file start.pdb (PDB, C-alpha atoms (C1' of nucleotides))
ATOM      1  CA  MET A   1      -0.529 -27.700  -6.966
ATOM      2  CA  ALA A   2      -1.114 -24.581  -9.038
ATOM      3  CA  PHE A   3       1.134 -21.846 -10.401
ATOM      4  CA  TRP A   4       0.559 -18.109 -10.353
ATOM      5  CA  LEU A   5       2.188 -14.880 -11.389
ATOM      6  CA  MET A   6       1.938 -11.780  -9.208
ATOM      7  CA  LYS A   7       3.095  -8.324 -10.226
ATOM      8  CA  THR A   8       4.786  -5.833  -7.954
ATOM      9  CA  GLU A   9       6.545  -2.559  -8.444
ATOM     10  CA  PRO A  10      10.004  -3.263  -7.047
ATOM     11  CA  SER A  11      10.254   0.276  -5.651
ATOM     12  CA  TYR A  12       7.286  -0.690  -3.449
ATOM     13  CA  PHE A  13       8.094  -4.351  -2.797
ATOM     14  CA  SER A  14      10.761  -6.424  -4.534
ATOM     15  CA  ILE A  15      12.105  -9.962  -4.555
ATOM     16  CA  ASP A  16      14.962  -8.656  -2.368
ATOM     17  CA  ASP A  17      12.451  -7.394   0.199
ATOM     18  CA  LEU A  18      10.852 -10.822   0.191
ATOM     19  CA  LYS A  19      14.237 -12.506   0.570
ATOM     20  CA  ARG A  20      14.987 -10.321   3.560
ATOM     21  CA  GLN A  21      11.578 -10.787   5.187
ATOM     22  CA  LYS A  22      11.416 -14.522   4.307
ATOM     23  CA  ILE A  23       7.625 -14.419   4.726
ATOM     24  CA  SER A  24       5.590 -11.442   3.522
ATOM     25  CA  MET A  25       1.972 -10.420   3.323
ATOM     26  CA  TRP A  26       0.906  -9.755  -0.254
ATOM     27  CA  ASP A  27      -1.567  -6.910   0.161
ATOM     28  CA  GLY A  28      -2.913  -3.966  -1.783
ATOM     29  CA  VAL A  29      -4.606  -5.902  -4.586
ATOM     30  CA  ARG A  30      -7.640  -3.818  -5.615
ATOM     31  CA  ASN A  31      -9.002  -5.631  -8.625
ATOM     32  CA  TYR A  32     -11.787  -8.181  -8.358
ATOM     33  CA  GLN A  33     -10.464 -10.615 -10.917
ATOM     34  CA  ALA A  34      -7.054 -10.577  -9.272
ATOM     35  CA  ARG A  35      -8.678 -10.989  -5.853
ATOM     36  CA  ASN A  36     -10.659 -13.989  -7.055
ATOM     37  CA  PHE A  37      -7.484 -15.640  -8.263
ATOM     38  CA  MET A  38      -5.945 -15.005  -4.828
ATOM     39  CA  ARG A  39      -8.943 -16.719  -3.247
ATOM     40  CA  ALA A  40      -8.269 -19.775  -5.403
ATOM     41  CA  MET A  41      -4.685 -20.080  -4.150
ATOM     42  CA  LYS A  42      -3.825 -23.017  -1.952
ATOM     43  CA  LYS A  43      -1.037 -23.538   0.539
ATOM     44  CA  GLY A  44       2.004 -24.815  -1.323
ATOM     45  CA  ASP A  45       1.097 -23.202  -4.637
ATOM     46  CA  THR A  46       3.987 -21.623  -6.505
ATOM     47  CA  VAL A  47       4.170 -17.913  -7.336
ATOM     48  CA  LEU A  48       6.275 -16.204  -9.975
ATOM     49  CA  VAL A  49       7.239 -12.781  -8.622
ATOM     50  CA  TYR A  50       7.089 -10.248 -11.462
ATOM     51  CA  HIS A  51       8.702  -6.813 -11.334
ATOM     52  CA  SER A  52       6.718  -4.209 -13.235
ATOM     53  CA  ASN A  53       7.373  -0.606 -14.194
ATOM     54  CA  LYS A  54      11.091  -0.492 -13.602
ATOM     55  CA  ALA A  55      13.733  -2.039 -15.836
ATOM     56  CA  PRO A  56      14.479  -4.852 -16.032
ATOM     57  CA  VAL A  57      10.774  -5.650 -16.252
ATOM     58  CA  GLY A  58      10.102  -9.362 -15.869
ATOM     59  CA  ILE A  59      10.091 -12.385 -13.577
ATOM     60  CA  ALA A  60      12.491 -11.897 -10.682
ATOM     61  CA  GLY A  61      12.047 -15.072  -8.673
ATOM     62  CA  ILE A  62       9.827 -17.644  -7.037
ATOM     63  CA  ALA A  63       7.723 -17.737  -3.891
ATOM     64  CA  GLU A  64       5.330 -20.169  -2.233
ATOM     65  CA  ILE A  65       1.888 -19.634  -0.734
ATOM     66  CA  VAL A  66       2.055 -20.223   3.025
ATOM     67  CA  ARG A  67      -1.271 -18.702   4.044
ATOM     68  CA  VAL A  68      -4.443 -18.722   1.971
ATOM     69  CA  ALA A  69      -6.575 -15.628   1.378
ATOM     70  CA  TYR A  70      -7.730 -13.594   4.383
ATOM     71  CA  PRO A  71      -9.095 -10.039   4.672
ATOM     72  CA  ASP A  72      -6.410  -7.539   3.652
ATOM     73  CA  PRO A  73      -5.895  -5.374   6.762
ATOM     74  CA  THR A  74      -4.798  -2.355   4.720
ATOM     75  CA  GLN A  75      -8.357  -1.863   3.397
ATOM     76  CA  PHE A  76      -9.501  -0.854   6.921
ATOM     77  CA  ASP A  77      -6.587   1.463   7.613
ATOM     78  CA  VAL A  78      -7.452   5.079   6.810
ATOM     79  CA  ALA A  79      -3.774   6.008   6.886
ATOM     80  CA  ASN A  80      -2.870   3.373   4.306
ATOM     81  CA  GLU A  81      -2.680   4.258   0.625
ATOM     82  CA  HIS A  82      -4.777   1.171  -0.153
ATOM     83  CA  HIS A  83      -7.542   2.155   2.250
ATOM     84  CA  ASP A  84     -11.050   1.426   0.914
ATOM     85  CA  LYS A  85     -13.791   3.425   2.584
ATOM     86  CA  LYS A  86     -16.424   1.002   1.341
ATOM     87  CA  ALA A  87     -14.816  -1.943   3.115
ATOM     88  CA  THR A  88     -15.906  -2.811   6.651
ATOM     89  CA  LEU A  89     -14.780  -5.491   9.104
ATOM     90  CA  GLU A  90     -18.157  -7.182   8.615
ATOM     91  CA  THR A  91     -18.002  -7.022   4.819
ATOM     92  CA  PRO A  92     -14.385  -6.882   3.684
ATOM     93  CA  ARG A  93     -13.794  -6.466  -0.042
ATOM     94  CA  TRP A  94     -10.142  -7.348  -0.487
ATOM     95  CA  ASP A  95      -7.905 -10.243   0.439
ATOM     96  CA  ALA A  96      -4.240 -10.778   1.132
ATOM     97  CA  VAL A  97      -2.147 -13.945   1.084
ATOM     98  CA  ASN A  98       1.171 -14.734   2.726
ATOM     99  CA  ILE A  99       4.096 -15.926   0.666
ATOM    100  CA  ARG A 100       7.494 -17.381   1.510
ATOM    101  CA  PHE A 101      10.689 -16.626  -0.371
ATOM    102  CA  VAL A 102      11.875 -19.584  -2.420
ATOM    103  CA  LYS A 103      14.339 -18.360  -5.010
ATOM    104  CA  LYS A 104      15.703 -15.269  -6.650
ATOM    105  CA  PHE A 105      16.638 -15.678 -10.293
ATOM    106  CA  LYS A 106      20.277 -15.003 -11.114
ATOM    107  CA  GLN A 107      18.950 -12.368 -13.432
ATOM    108  CA  VAL A 108      15.440 -11.176 -14.185
ATOM    109  CA  LEU A 109      13.768 -13.198 -16.921
ATOM    110  CA  THR A 110      12.648 -10.166 -18.874
ATOM    111  CA  LEU A 111       9.311  -9.512 -20.508
ATOM    112  CA  HIS A 112      11.287  -8.998 -23.707
ATOM    113  CA  GLU A 113      12.675 -12.543 -23.453
ATOM    114  CA  LEU A 114       9.218 -13.952 -22.701
ATOM    115  CA  LYS A 115       7.776 -12.199 -25.738
ATOM    116  CA  ASN A 116      10.544 -13.513 -27.957
ATOM    117  CA  ASP A 117      10.072 -17.131 -26.875
ATOM    118  CA  PRO A 118       7.276 -18.887 -28.787
ATOM    119  CA  HIS A 119       6.627 -21.062 -25.710
ATOM    120  CA  PHE A 120       5.081 -18.034 -24.013
ATOM    121  CA  GLU A 121       2.895 -16.912 -26.891
ATOM    122  CA  THR A 122      -0.292 -17.751 -24.974
ATOM    123  CA  MET A 123       0.917 -16.619 -21.546
ATOM    124  CA  PRO A 124      -1.320 -13.779 -20.291
ATOM    125  CA  VAL A 125       1.568 -11.571 -19.189
ATOM    126  CA  THR A 126       2.973 -11.415 -22.710
ATOM    127  CA  GLN A 127      -0.311 -10.184 -24.193
ATOM    128  CA  LYS A 128      -0.644  -6.547 -25.127
ATOM    129  CA  GLY A 129      -2.537  -4.578 -22.514
ATOM    130  CA  SER A 130      -2.335  -7.287 -19.877
ATOM    131  CA  ARG A 131      -2.840  -5.336 -16.671
ATOM    132  CA  LEU A 132      -4.079  -8.082 -14.390
ATOM    133  CA  SER A 133      -1.772  -8.144 -11.367
ATOM    134  CA  VAL A 134      -2.517 -11.737 -10.377
ATOM    135  CA  GLN A 135      -2.598 -14.351 -13.134
ATOM    136  CA  PRO A 136      -2.739 -18.130 -13.314
ATOM    137  CA  VAL A 137       0.271 -19.808 -14.950
ATOM    138  CA  SER A 138       0.191 -23.173 -16.702
ATOM    139  CA  GLU A 139       2.575 -25.911 -15.609
ATOM    140  CA  HIS A 140       4.118 -25.842 -19.067
ATOM    141  CA  HIS A 141       4.833 -22.133 -18.798
ATOM    142  CA  PHE A 142       6.123 -22.499 -15.254
ATOM    143  CA  LYS A 143       8.555 -25.260 -16.227
ATOM    144  CA  ARG A 144       9.888 -23.193 -19.089
ATOM    145  CA  VAL A 145      10.285 -20.133 -16.862
ATOM    146  CA  TYR A 146      12.055 -22.234 -14.251
ATOM    147  CA  LYS A 147      14.436 -23.642 -16.826
ATOM    148  CA  LEU A 148      15.300 -20.215 -18.198
ATOM    149  CA  GLY A 149      15.449 -18.444 -14.843
ATOM    150  CA  THR A 150      17.589 -20.802 -12.796
TER     151      THR A 150
ATOM    152  C1'  DG B   1     -28.476  -1.614 -17.904
ATOM    153  C1'  DC B   2     -26.033   1.881 -20.671
ATOM    154  C1'  DC B   3     -22.121   4.496 -21.262
ATOM    155  C1'  DA B   4     -19.326   8.836 -20.583
ATOM    156  C1'  DA B   5     -16.102  10.377 -17.504
ATOM    157  C1'  DC B   6     -12.620   9.335 -14.744
ATOM    158  C1'  DG B   7      -8.808   6.766 -12.528
ATOM    159  C1'  DT B   8      -5.171   3.290 -12.806
ATOM    160  C1'  DT B   9      -1.755   0.181 -14.768
ATOM    161  C1'  DG B  10       2.355  -0.551 -16.794
ATOM    162  C1'  DG B  11       5.352  -0.765 -21.030
ATOM    163  C1'  DC B  12       8.105   2.223 -23.272
TER     164       DC B  12
ATOM    165  C1'  DG C   1       6.395  11.551 -18.708
ATOM    166  C1'  DC C   2       3.413   9.688 -22.340
ATOM    167  C1'  DC C   3      -0.471   7.247 -23.425
ATOM    168  C1'  DA C   4      -3.046   2.862 -24.731
ATOM    169  C1'  DA C   5      -5.698  -0.272 -22.548
ATOM    170  C1'  DC C   6      -8.115  -1.259 -19.494
ATOM    171  C1'  DG C   7     -11.546  -1.212 -14.831
ATOM    172  C1'  DT C   8     -14.726   1.465 -11.976
ATOM    173  C1'  DT C   9     -18.133   4.887 -10.895
ATOM    174  C1'  DG C  10     -22.329   7.063 -11.086
ATOM    175  C1'  DG C  11     -26.022   9.757 -13.511
ATOM    176  C1'  DC C  12     -29.766   8.718 -16.147
TER     177       DC C  12
END
call {"tool": "encode", "arguments": {"input": "start.pdb", "output": "structure tokens"}}
result
Amino acid sequence: MAFWLMKTEPSYFSIDDLKRQKISMWDGVRNYQARNFMRAMKKGDTVLVYHSNKAPVGIAGIAEIVRVAYPDPTQFDVANEHHDKKATLETPRWDAVNIRFVKKFKQVLTLHELKNDPHFETMPVTQKGSRLSVQPVSEHHFKRVYKLGT
DNA sequence: GCCAACGTTGGC
DNA sequence: GCCAACGTTGGC
């Protein structure tokens, strides 16, 4: 059982969208390191859903992996903003996973709060210039987030 | 393989 | 909207 953090711009896809849809495809990841982390995800793993770019920036809730990595269909779709002309059905480049809504935090656990809590000093998301959209989370960090968020 | 140019992310 | 910190591309 592993823990992950995945970033989304809430104007594009938010924890409320996930709550409404119950199960959602997490697509559009176009970074190899992030993709490789997605490939390491197992059914039942826990995901911290992180809202980027729009205040309040931070962890908005929790989801669970219900389908492991499979070729992201948006890479083949010329009309999609995430279309990749170098990807083919035979040699796909990018993967998606499916997640299930678990919990929305009463309020977003903000990046500011994470940065001000010494427990999170080594958490990747609190590091300056951390752009990786899919990150592993330690159990220690997850437990602390859970405690503060719920 | 180097690295400049370019594109993107994401906090602020 | 700004811009630092990246990641990617492509000429050489």
call {"tool": "interface_residues", "arguments": {"input": "start.pdb", "of": "chain B", "to": "chain A", "cutoff": "10 Å", "atoms": "all atoms listed in the file", "output": "list in words"}}
result
DT8, DT9, DG10, DG11 and DC12 of chain B
call {"tool": "resolve_selection", "arguments": {"input": "start.pdb", "expression": "the PyMOL selection byres ((chain A and resi 25) around 9)", "output": "NGL selection string"}}
result
:A and (23-24 or 26-27 or 67 or 72 or 96-99)
call {"tool": "residues_near_point", "arguments": {"input": "start.pdb", "point": "(-9.5, -12.8, -2.3)", "cutoff": "7 Å", "atoms": "all atoms listed in the file", "output": "mmCIF file with C-alpha atoms, in the coordinates of the input"}}
result
data_model
loop_
_atom_site.group_PDB
_atom_site.id
_atom_site.type_symbol
_atom_site.label_atom_id
_atom_site.label_comp_id
_atom_site.auth_asym_id
_atom_site.auth_seq_id
_atom_site.Cartn_x
_atom_site.Cartn_y
_atom_site.Cartn_z
ATOM 1 C CA ARG A 35 -8.678 -10.989 -5.853
ATOM 2 C CA ASN A 36 -10.659 -13.989 -7.055
ATOM 3 C CA PHE A 37 -7.484 -15.640 -8.263
ATOM 4 C CA MET A 38 -5.945 -15.005 -4.828
ATOM 5 C CA ARG A 39 -8.943 -16.719 -3.247
ATOM 6 C CA ALA A 69 -6.575 -15.628 1.378
ATOM 7 C CA TYR A 70 -7.730 -13.594 4.383
ATOM 8 C CA TRP A 94 -10.142 -7.348 -0.487
ATOM 9 C CA ASP A 95 -7.905 -10.243 0.439
ATOM 10 C CA ALA A 96 -4.240 -10.778 1.132
#
call {"tool": "resolve_selection", "arguments": {"input": "start.pdb", "expression": "the PyMOL selection byres ((chain A and resi 100) around 10)", "output": "list in words"}}
result
Leu18, Lys19, Gln21, Lys22, Ile23, Ser24, Met25, Gly44, Thr46, Val47, Ile62, Ala63, Glu64, Ile65, Val66, Arg67, Asn98, Ile99, Phe101, Val102 and Lys103 of chain A
call {"tool": "atom_distance", "arguments": {"input": "start.pdb", "atom1": "atom CA of Ala40 of chain A", "atom2": "atom C1' of DG7 of chain C"}}
result
21.1 Å
call {"tool": "resolve_selection", "arguments": {"input": "start.pdb", "expression": "the PyMOL selection byres ((chain A and resi 112-126) around 8)", "output": "list in words"}}
result
Gly58, Leu109, Thr110, Leu111, Gln127, Lys128, Ser130, Gln135, Val137, His141 and Arg144 of chain A
call {"tool": "atom_distance", "arguments": {"input": "start.pdb", "atom1": "atom CA of Asp16 of chain A", "atom2": "atom CA of Tyr146 of chain A"}}
result
18.3 Å
call {"tool": "atom_distance", "arguments": {"input": "start.pdb", "atom1": "atom CA of Gly149 of chain A", "atom2": "atom CA of Phe105 of chain A"}}
result
5.5 Å
call {"tool": "residues_around", "arguments": {"input": "start.pdb", "residues": "Thr74 of chain A", "least_positions_apart": "3", "cutoff": "9 Å", "atoms": "only C-alpha atoms (C1' of nucleotides)", "output": "PyMOL selection string"}}
result
chain A and resi 27-28+71+77-84+94
call {"tool": "axis_aligned_box", "arguments": {"input": "start.pdb", "around": "segment 27-41 of chain A", "padding_each_side": "5 Å", "output": "AutoDock Vina command-line options"}}
result
--center_x -6.7 --center_y -11.9 --center_z -5.4 --size_x 20.2 --size_y 26.3 --size_z 21.1
